[in-house]
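**Q** This is data_30.cif (mmCIF, C-alpha atoms and all ligand atoms).
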```
data_protein
loop_
_atom_site.label_atom_id
_atom_site.label_comp_id
_atom_site.auth_asym_id
_atom_site.auth_seq_id
_atom_site.Cartn_x
_atom_site.Cartn_y
_atom_site.Cartn_z
CA MET A 1 15.21 17.24 104.07
CA ARG A 2 16.29 19.71 106.75
CA ILE A 3 13.30 21.86 107.67
CA LEU A 4 12.84 24.99 109.77
CA VAL A 5 9.45 25.61 111.44
CA SER A 6 8.94 28.98 113.11
CA GLY A 7 6.38 29.01 115.92
CA GLY A 8 7.05 25.30 116.50
CA ALA A 9 5.64 25.30 120.05
CA GLY A 10 2.29 26.58 118.80
CA PHE A 11 -0.87 24.60 118.15
CA VAL A 12 -0.77 24.15 114.36
CA PRO A 13 3.04 24.22 113.89
CA SER A 14 3.64 21.54 116.55
CA HIS A 15 1.33 19.20 114.62
CA LEU A 16 3.17 20.11 111.42
CA CYS A 17 6.47 19.16 113.12
CA ASP A 18 4.95 15.78 114.07
CA LEU A 19 3.93 15.14 110.48
CA LEU A 20 7.32 16.16 109.02
CA LEU A 21 9.27 14.04 111.53
CA GLY A 22 6.98 11.10 110.76
CA ARG A 23 8.02 11.42 107.11
CA GLY A 24 11.70 11.13 108.01
CA HIS A 25 12.76 14.78 107.81
CA GLU A 26 15.04 16.63 110.21
CA VAL A 27 13.10 19.44 111.91
CA VAL A 28 14.37 22.51 113.74
CA ALA A 29 11.61 24.44 115.53
CA ILE A 30 11.95 28.04 116.75
CA ASP A 31 9.60 29.69 119.23
CA ASN A 32 9.75 32.48 121.81
CA PHE A 33 6.79 31.10 123.81
CA VAL A 34 4.84 34.34 123.50
CA THR A 35 1.76 32.25 122.75
CA GLY A 36 3.32 28.81 122.15
CA HIS A 37 3.61 26.32 125.01
CA ARG A 38 6.37 23.96 126.18
CA ARG A 39 3.91 21.11 126.68
CA ASN A 40 3.32 21.04 122.89
CA LEU A 41 6.99 20.02 122.48
CA THR A 42 6.88 17.02 124.85
CA THR A 43 6.42 14.26 122.27
CA LEU A 44 8.49 16.11 119.65
CA GLN A 45 11.52 16.23 121.91
CA GLU A 46 11.60 12.44 122.14
CA HIS A 47 12.29 12.30 118.40
CA PRO A 48 15.99 12.12 117.36
CA GLY A 49 15.34 14.24 114.26
CA PHE A 50 13.93 17.16 116.26
CA SER A 51 15.70 20.13 117.77
CA PHE A 52 14.40 23.31 119.35
CA VAL A 53 15.75 26.86 119.55
CA GLU A 54 14.18 29.52 121.78
CA ALA A 55 14.23 32.77 119.82
CA ASP A 56 12.03 35.54 118.40
CA VAL A 57 12.16 35.23 114.60
CA SER A 58 11.16 38.86 114.20
CA ARG A 59 14.60 39.71 115.66
CA GLU A 60 16.94 36.86 114.73
CA VAL A 61 17.17 33.35 113.32
CA PRO A 62 20.04 31.94 115.42
CA VAL A 63 20.35 28.55 113.70
CA SER A 64 23.31 27.48 111.57
CA GLY A 65 23.40 25.13 108.58
CA ARG A 66 21.41 25.16 105.37
CA PHE A 67 17.67 24.45 105.19
CA ASP A 68 15.73 22.87 102.32
CA ARG A 69 12.33 24.10 103.51
CA ILE A 70 11.24 26.97 105.78
CA PHE A 71 7.70 27.12 107.18
CA HIS A 72 6.95 30.55 108.69
CA MET A 73 4.17 29.69 111.13
CA ALA A 74 5.06 32.04 114.03
CA SER A 75 2.47 34.62 115.08
CA PRO A 76 -0.10 35.22 117.78
CA ALA A 77 -3.24 33.93 116.03
CA SER A 78 -6.28 34.26 118.25
CA PRO A 79 -8.21 37.54 118.39
CA ILE A 80 -7.60 38.10 122.11
CA ASP A 81 -3.90 37.29 121.67
CA TYR A 82 -3.28 39.70 118.87
CA VAL A 83 -5.25 42.46 120.54
CA GLU A 84 -3.07 41.97 123.65
CA LEU A 85 0.13 41.58 121.62
CA PRO A 86 -0.25 44.10 118.78
CA PHE A 87 3.46 44.75 118.19
CA GLU A 88 4.52 41.11 118.47
CA THR A 89 1.81 40.29 115.90
CA LEU A 90 2.84 43.07 113.49
CA TYR A 91 6.54 42.22 113.79
CA ALA A 92 6.04 38.45 113.38
CA GLY A 93 4.26 39.17 110.09
CA SER A 94 6.66 41.88 108.89
CA ASP A 95 10.19 41.48 110.30
CA GLY A 96 9.76 37.74 110.92
CA THR A 97 8.65 37.17 107.35
CA ARG A 98 11.51 39.31 106.02
CA LEU A 99 14.21 37.53 108.05
CA LEU A 100 12.95 34.09 107.08
CA LEU A 101 12.58 35.02 103.41
CA GLU A 102 16.16 36.36 103.44
CA ARG A 103 17.26 33.08 105.00
CA ALA A 104 15.35 31.11 102.34
CA ARG A 105 17.05 33.17 99.64
CA ALA A 106 20.51 32.62 101.14
CA ASP A 107 19.94 28.87 101.63
CA GLY A 108 18.11 28.26 98.34
CA ALA A 109 15.26 26.93 100.50
CA ARG A 110 11.60 26.82 99.56
CA PHE A 111 9.54 29.12 101.82
CA LEU A 112 5.94 28.70 102.98
CA LEU A 113 4.01 31.53 104.64
CA ALA A 114 1.19 30.68 107.03
CA SER A 115 -1.35 33.29 105.99
CA THR A 116 -4.98 33.42 107.00
CA SER A 117 -8.60 33.70 105.99
CA GLU A 118 -8.42 37.05 107.84
CA VAL A 119 -6.89 38.54 104.66
CA TYR A 120 -10.51 38.42 103.39
CA GLY A 121 -11.69 40.47 106.42
CA ASP A 122 -15.48 40.56 106.75
CA PRO A 123 -15.99 39.00 103.34
CA ALA A 124 -18.43 40.33 100.76
CA VAL A 125 -17.83 37.20 98.66
CA HIS A 126 -19.01 33.86 100.02
CA PRO A 127 -17.53 31.26 100.08
CA GLN A 128 -14.10 32.87 99.89
CA VAL A 129 -12.05 32.17 96.77
CA GLU A 130 -8.36 33.01 96.52
CA GLY A 131 -9.08 35.65 93.85
CA TYR A 132 -11.16 37.73 96.29
CA TRP A 133 -9.16 40.74 97.57
CA GLY A 134 -10.97 41.09 100.86
CA ASN A 135 -12.78 43.62 103.01
CA VAL A 136 -10.40 44.55 105.83
CA ASN A 137 -10.60 47.51 108.23
CA PRO A 138 -6.98 48.76 108.05
CA ILE A 139 -7.12 50.55 111.43
CA GLY A 140 -9.50 48.30 113.38
CA VAL A 141 -8.63 46.10 116.38
CA ARG A 142 -7.98 43.08 114.14
CA SER A 143 -5.83 45.03 111.70
CA VAL A 144 -2.57 44.20 113.51
CA TYR A 145 -3.10 40.61 112.43
CA ASP A 146 -4.94 41.05 109.13
CA GLU A 147 -2.64 43.71 107.74
CA ALA A 148 0.52 42.01 109.01
CA LYS A 149 -0.52 38.89 107.09
CA ARG A 150 -1.47 40.90 104.00
CA TYR A 151 1.94 42.63 104.12
CA ALA A 152 3.57 39.21 104.64
CA GLU A 153 1.86 37.91 101.50
CA ALA A 154 3.03 40.97 99.53
CA LEU A 155 6.61 40.54 100.80
CA THR A 156 6.55 36.85 99.97
CA MET A 157 5.37 37.53 96.42
CA ALA A 158 8.06 40.24 96.04
CA PHE A 159 10.81 37.78 97.04
CA ALA A 160 9.40 35.34 94.49
CA ARG A 161 9.23 37.96 91.71
CA TYR A 162 12.45 39.85 92.32
CA HIS A 163 14.72 37.31 94.00
CA GLN A 164 13.35 34.07 92.47
CA VAL A 165 12.74 32.51 95.90
CA GLN A 166 10.40 29.53 95.64
CA VAL A 167 7.37 30.45 97.74
CA ARG A 168 4.06 28.98 98.85
CA ILE A 169 1.26 30.81 100.72
CA VAL A 170 -1.40 28.95 102.67
CA ARG A 171 -4.52 30.82 103.81
CA ILE A 172 -5.55 28.93 106.92
CA PHE A 173 -9.21 28.94 107.95
CA ASN A 174 -10.54 28.18 111.45
CA THR A 175 -8.79 25.12 112.81
CA TYR A 176 -9.30 23.11 115.99
CA GLY A 177 -7.88 20.11 117.80
CA PRO A 178 -5.63 18.99 120.64
CA ARG A 179 -2.94 21.46 121.84
CA MET A 180 -5.08 24.58 121.54
CA ARG A 181 -4.66 26.69 124.67
CA PRO A 182 -7.84 26.38 126.74
CA ASN A 183 -7.78 30.12 127.44
CA ASP A 184 -6.71 31.43 124.04
CA GLY A 185 -10.15 32.98 123.62
CA ARG A 186 -11.04 31.17 120.41
CA VAL A 187 -14.47 29.72 120.24
CA MET A 188 -13.61 26.01 120.21
CA PRO A 189 -11.35 25.98 123.32
CA ALA A 190 -13.69 28.45 125.05
CA PHE A 191 -16.79 26.31 124.49
CA CYS A 192 -15.03 23.01 125.30
CA SER A 193 -13.50 24.34 128.54
CA GLN A 194 -16.75 26.01 129.63
CA ALA A 195 -18.75 22.84 128.92
CA LEU A 196 -16.30 20.63 130.81
CA ARG A 197 -16.57 22.98 133.81
CA GLY A 198 -20.37 22.78 133.60
CA GLU A 199 -20.65 26.50 132.83
CA PRO A 200 -22.88 28.20 130.24
CA LEU A 201 -21.24 28.73 126.85
CA THR A 202 -20.54 32.37 125.96
CA VAL A 203 -22.08 33.06 122.55
CA PHE A 204 -21.00 36.45 121.18
CA GLY A 205 -23.65 38.59 119.47
CA ASP A 206 -26.74 36.71 118.33
CA GLY A 207 -24.68 33.64 117.42
CA GLN A 208 -25.76 33.80 113.77
CA GLN A 209 -22.22 34.51 112.53
CA THR A 210 -20.69 31.48 110.82
CA ARG A 211 -17.31 29.74 110.78
CA SER A 212 -16.13 26.52 109.11
CA PHE A 213 -13.87 24.32 111.24
CA CYS A 214 -11.03 22.11 110.03
CA PHE A 215 -9.46 19.44 112.23
CA VAL A 216 -5.75 20.09 112.68
CA SER A 217 -4.51 16.80 111.16
CA ASP A 218 -6.33 17.65 107.92
CA LEU A 219 -4.89 21.15 107.93
CA VAL A 220 -1.23 20.13 108.35
CA GLU A 221 -1.61 17.47 105.64
CA GLY A 222 -2.85 20.23 103.30
CA ILE A 223 0.01 22.55 104.30
CA SER A 224 2.65 19.89 103.67
CA ARG A 225 1.11 19.03 100.29
CA LEU A 226 1.10 22.70 99.34
CA MET A 227 4.80 23.03 100.22
CA GLU A 228 5.64 20.11 97.93
CA SER A 229 3.33 21.26 95.12
CA ASP A 230 4.15 23.66 92.29
CA LEU A 231 1.46 26.18 93.33
CA ALA A 232 3.22 29.53 93.80
CA THR A 233 0.10 31.61 94.53
CA PRO A 234 -2.05 31.64 97.72
CA CYS A 235 -4.13 28.56 98.45
CA ASN A 236 -7.01 28.20 100.92
CA VAL A 237 -6.78 25.23 103.27
CA GLY A 238 -9.78 24.67 105.48
CA ASN A 239 -12.96 22.69 105.86
CA PRO A 240 -16.08 24.07 104.09
CA HIS A 241 -18.36 22.56 106.78
CA GLU A 242 -20.03 25.85 107.86
CA MET A 243 -22.12 26.44 110.96
CA THR A 244 -23.38 29.29 113.13
CA MET A 245 -21.81 29.84 116.55
CA LEU A 246 -25.19 29.08 118.10
CA GLN A 247 -25.26 25.70 116.34
CA LEU A 248 -21.72 25.05 117.54
CA ALA A 249 -22.64 25.91 121.14
CA GLU A 250 -25.68 23.64 121.05
CA TYR A 251 -23.60 20.82 119.59
CA ILE A 252 -20.88 21.11 122.27
CA ASN A 253 -23.46 21.24 125.06
CA ARG A 254 -25.16 18.11 123.71
CA PHE A 255 -21.87 16.28 123.21
CA THR A 256 -20.64 17.01 126.74
CA ASN A 257 -24.07 16.68 128.41
CA ASN A 258 -23.68 20.22 129.69
CA ALA A 259 -27.00 21.39 131.12
CA ALA A 260 -25.80 24.94 131.86
CA GLY A 261 -26.96 26.25 128.48
CA ILE A 262 -25.85 29.43 126.77
CA VAL A 263 -25.27 33.07 127.76
CA TYR A 264 -25.03 35.89 125.26
CA ARG A 265 -22.12 38.36 125.32
CA PRO A 266 -21.42 41.43 123.15
CA LEU A 267 -20.04 40.78 119.68
CA PRO A 268 -16.38 41.89 119.41
CA LYS A 269 -15.69 44.75 116.98
CA ASP A 270 -15.12 43.84 113.33
CA ASP A 271 -16.06 40.20 113.97
CA PRO A 272 -16.56 38.67 110.47
CA THR A 273 -20.20 37.73 109.86
CA ARG A 274 -19.45 34.58 107.87
CA ARG A 275 -16.55 32.51 106.69
CA ARG A 276 -16.22 29.42 104.54
CA PRO A 277 -13.36 28.43 102.27
CA ASP A 278 -13.75 27.59 98.63
CA ILE A 279 -11.25 24.73 98.40
CA SER A 280 -11.48 24.01 94.67
CA LEU A 281 -7.86 25.07 94.18
CA ALA A 282 -6.54 22.77 96.93
CA LYS A 283 -8.62 19.88 95.58
CA ALA A 284 -7.37 20.37 92.02
CA HIS A 285 -3.69 21.14 92.73
CA LEU A 286 -2.98 19.23 95.91
CA GLY A 287 -5.48 16.39 95.60
CA TRP A 288 -6.44 17.44 99.12
CA GLU A 289 -9.71 17.65 100.97
CA PRO A 290 -10.59 17.23 104.67
CA GLN A 291 -11.01 13.65 105.92
CA VAL A 292 -11.96 14.05 109.59
CA GLU A 293 -15.69 14.30 110.34
CA PHE A 294 -16.73 17.13 112.66
CA GLU A 295 -18.16 14.68 115.23
CA ASP A 296 -14.87 12.77 115.37
CA GLY A 297 -12.76 15.94 115.56
CA VAL A 298 -14.84 17.33 118.42
CA ALA A 299 -14.56 14.03 120.31
CA ARG A 300 -10.76 14.13 120.01
CA THR A 301 -10.61 17.80 121.00
CA VAL A 302 -12.85 17.39 124.05
CA ALA A 303 -10.79 14.33 125.09
CA TYR A 304 -7.67 16.54 125.00
CA PHE A 305 -9.23 19.29 127.10
CA ARG A 306 -10.25 16.66 129.66
CA THR A 307 -6.56 15.80 130.19
CA LEU A 308 -5.57 19.39 131.15
N1 LIG A 401 -17.05 33.44 119.76
C1 LIG A 401 -18.12 33.21 120.62
N2 LIG A 401 -17.85 32.90 121.92
C2 LIG A 401 -16.58 32.80 122.42
C3 LIG A 401 -15.50 33.02 121.53
C4 LIG A 401 -15.78 33.35 120.22
O1 LIG A 401 -19.30 33.27 120.22
O2 LIG A 401 -16.42 32.52 123.62
C5 LIG A 401 -17.34 33.75 118.35
C6 LIG A 401 -16.60 34.96 117.79
O3 LIG A 401 -17.34 36.14 118.03
C7 LIG A 401 -16.52 34.62 116.32
C8 LIG A 401 -16.43 33.09 116.30
O4 LIG A 401 -16.88 32.65 117.57
O5 LIG A 401 -17.68 35.02 115.65
C9 LIG A 401 -15.03 32.58 116.06
O6 LIG A 401 -14.17 33.26 116.93
P1 LIG A 401 -12.65 32.85 117.13
O7 LIG A 401 -12.06 33.79 118.14
O8 LIG A 401 -12.54 31.39 117.42
O9 LIG A 401 -11.95 33.05 115.72
P2 LIG A 401 -12.13 34.06 114.49
O10 LIG A 401 -12.71 33.24 113.42
O11 LIG A 401 -13.03 35.21 114.87
O12 LIG A 401 -10.74 34.51 114.23
#
```
I'd like the structure from this file rewritten - as structure tokens, please.
Ligand code: UDP

**A**
Amino acid sequence: MRILVSGGAGFVPSHLCDLLLGRGHEVVAIDNFVTGHRRNLTTLQEHPGFSFVEADVSREVPVSGRFDRIFHMASPASPIDYVELPFETLYAGSDGTRLLLERARADGARFLLASTSEVYGDPAVHPQVEGYWGNVNPIGVRSVYDEAKRYAEALTMAFARYHQVQVRIVRIFNTYGPRMRPNDGRVMPAFCSQALRGEPLTVFGDGQQTRSFCFVSDLVEGISRLMESDLATPCNVGNPHEMTMLQLAEYINRFTNNAAGIVYRPLPKDDPTRRRPDISLAKAHLGWEPQVEFEDGVARTVAYFRTL
């Protein structure tokens, strides 16, 4: 198949490109490098089936020829990124989604939206099931991301209902692995980089808030299965292995033999208190569940940060 991946120089999408190329598809990646990085394209560009276009998909999709599949993965995705890039984040979710859905309609392509566990906001239902409508502050600092993705889901469903475009929506939970930017502000790169520098790890708040971390190879396998499934409603993909941020910090310090300990910093506004995916739907419809153990995933991630 001929496949378009927006945000292809980003962390998750670059791994998705690897997987798709490995399965014999032709892949065209688009990125404007607002948060993506050229070094994520290094191995991809050695592949004859890969090509890259530098563009902002919220403005234009300057690629000719028909696509069979379109993955809309482009968006700033870490809290400090989308607070610094509010308009880029809103437009990637709104105009970017619209342009790529219009392209999918014109090409007769199947479209997959990379949505997020952030559509659940600070969830009152735990673990989060797809049927939960969420608890989002519509004007808070995170709203540029959360509401852009919620709008993107609504637009995607409208194209499915009114224009018969084949759509898939993946709600991605916290993911980690090689190719994360060390300074993207997310907890895993922050803790790994701090530990490797021998600095104390910055735990926000009291560290009792929870997240559930999925290794990136598991995530992209789930995303590709969803695209090829017949599931036309949103599907959580993530790892239910839940822990507090304090537990995570202690684990990373032990793993890296970092004796510098922990320092506490203020909790960012609207920081969700807990998050864990219910993945029953993915298990039943995609035959998917995470394979990579946390210990193994951390070892591979720390090894990557050592190379930078
Ligand atoms: N966090 C932390 N220290 C850091 C960065 C983040 O304790 O240096 C916390 C953050 O407050 C949140 C969790 O780790 O509760 C996950 O944050 P991240 O930015 O990775 O992603 P989120 O799940 O909030 O989108």

**Q** Given only C-alpha atoms as the basis, pick out the residue of A:Pro127, A:Gly198, A:Gly185, A:Gly108 nearest to A:Thr35.

**A**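 For A:Thr35, the nearest of the given residues is A:Gly185.
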
**Q** Taking only C-alpha atoms and all ligand atoms into account, list the residues no farther than 7 Å from ligand LIG 401 (chain A), as an NGL selection string.

**A** :A and (78-79 or 174 or 185-188 or 190-191 or 201-205 or 207 or 209-211 or 245 or 267-268 or 271-273)

**Q** Could you jot down the atom CA of A:Arg300 to atom CA of A:Glu221 separation for me, Å, one decimal place?

**A**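 Atom-to-atom, atom CA of A:Arg300 to atom CA of A:Glu221, that is 17.4 Å.
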
**Q** Considering only C-alpha atoms, return as a PyMOL selection string whatever protein or nucleic-acid residues lie within 9 Å of A:Phe305, sequence-local ones (same chain, fewer than 2 positions apart) excluded.

**A** chain A and resi 178-180+182+189+192-193+196+300-303+307-308

**Q** Enter the distance from atom CA of A:Ala148 to atom CA of A:Gly93, in Å, rounded to one decimal.

**A**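 Computing the Euclidean distance for atom CA of A:Ala148 and atom CA of A:Gly93 yields 4.8 Å.
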
**Q** Name the closest residue to A:Pro86 among the candidates A:Ile139, A:Val63, A:Val129, A:Val237; distances are taken between atoms, counting all atoms listed in the file.

**A** A:Ile139

**Q** Let me make sure I understand: among A:Val136, A:Val167, A:Leu155, A:Leu90, which one has the smallest atom-to-atom distance to A:Ile70 if we use all atoms listed in the file?

**A**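 When distances to A:Ile70 are compared using all atoms listed in the file, the smallest one comes from A:Val167.
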
**Q** Restricting the calculation to only C-alpha atoms: of A:His126, A:Lys269, A:Arg142, A:Arg274, which residue gets closest to A:Pro76?

**A** A:Arg142

**Q** Closest to A:Thr42 among A:Cys17, A:Val216, A:Ala195, A:Ala260, using only C-alpha atoms?

**A**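 Once distances to A:Thr42 are computed over only C-alpha atoms, the minimum belongs to A:Cys17.
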
**Q** Which residues are close to stretch 1-13 of chain A, i.e. within 8 Å by only C-alpha atoms, leaving aside same-chain residues fewer than 4 positions away? Reply as a VMD selection string.

**A** chain A and resid 17 25 to 33 35 to 38 40 to 41 57 66 to 75 178 to 181 216 220

**Q** Suppose you want the space between atom CA of A:Gly297 and atom CA of A:Ala249; what is it in Å?

**A**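 Computing the Euclidean distance for atom CA of A:Gly297 and atom CA of A:Ala249 yields 15.1 Å.
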
**Q** Determine, counting all atoms listed in the file, which protein, DNA and RNA residues have an atom within 12 Å of an atom of A:Phe173; residues of the same chain fewer than 4 positions away are not included. Present the result as a PyMOL selection string.

**A** chain A and resi 12+77-78+114-121+127-129+211-216+218-220+222-223+235-242+274-279
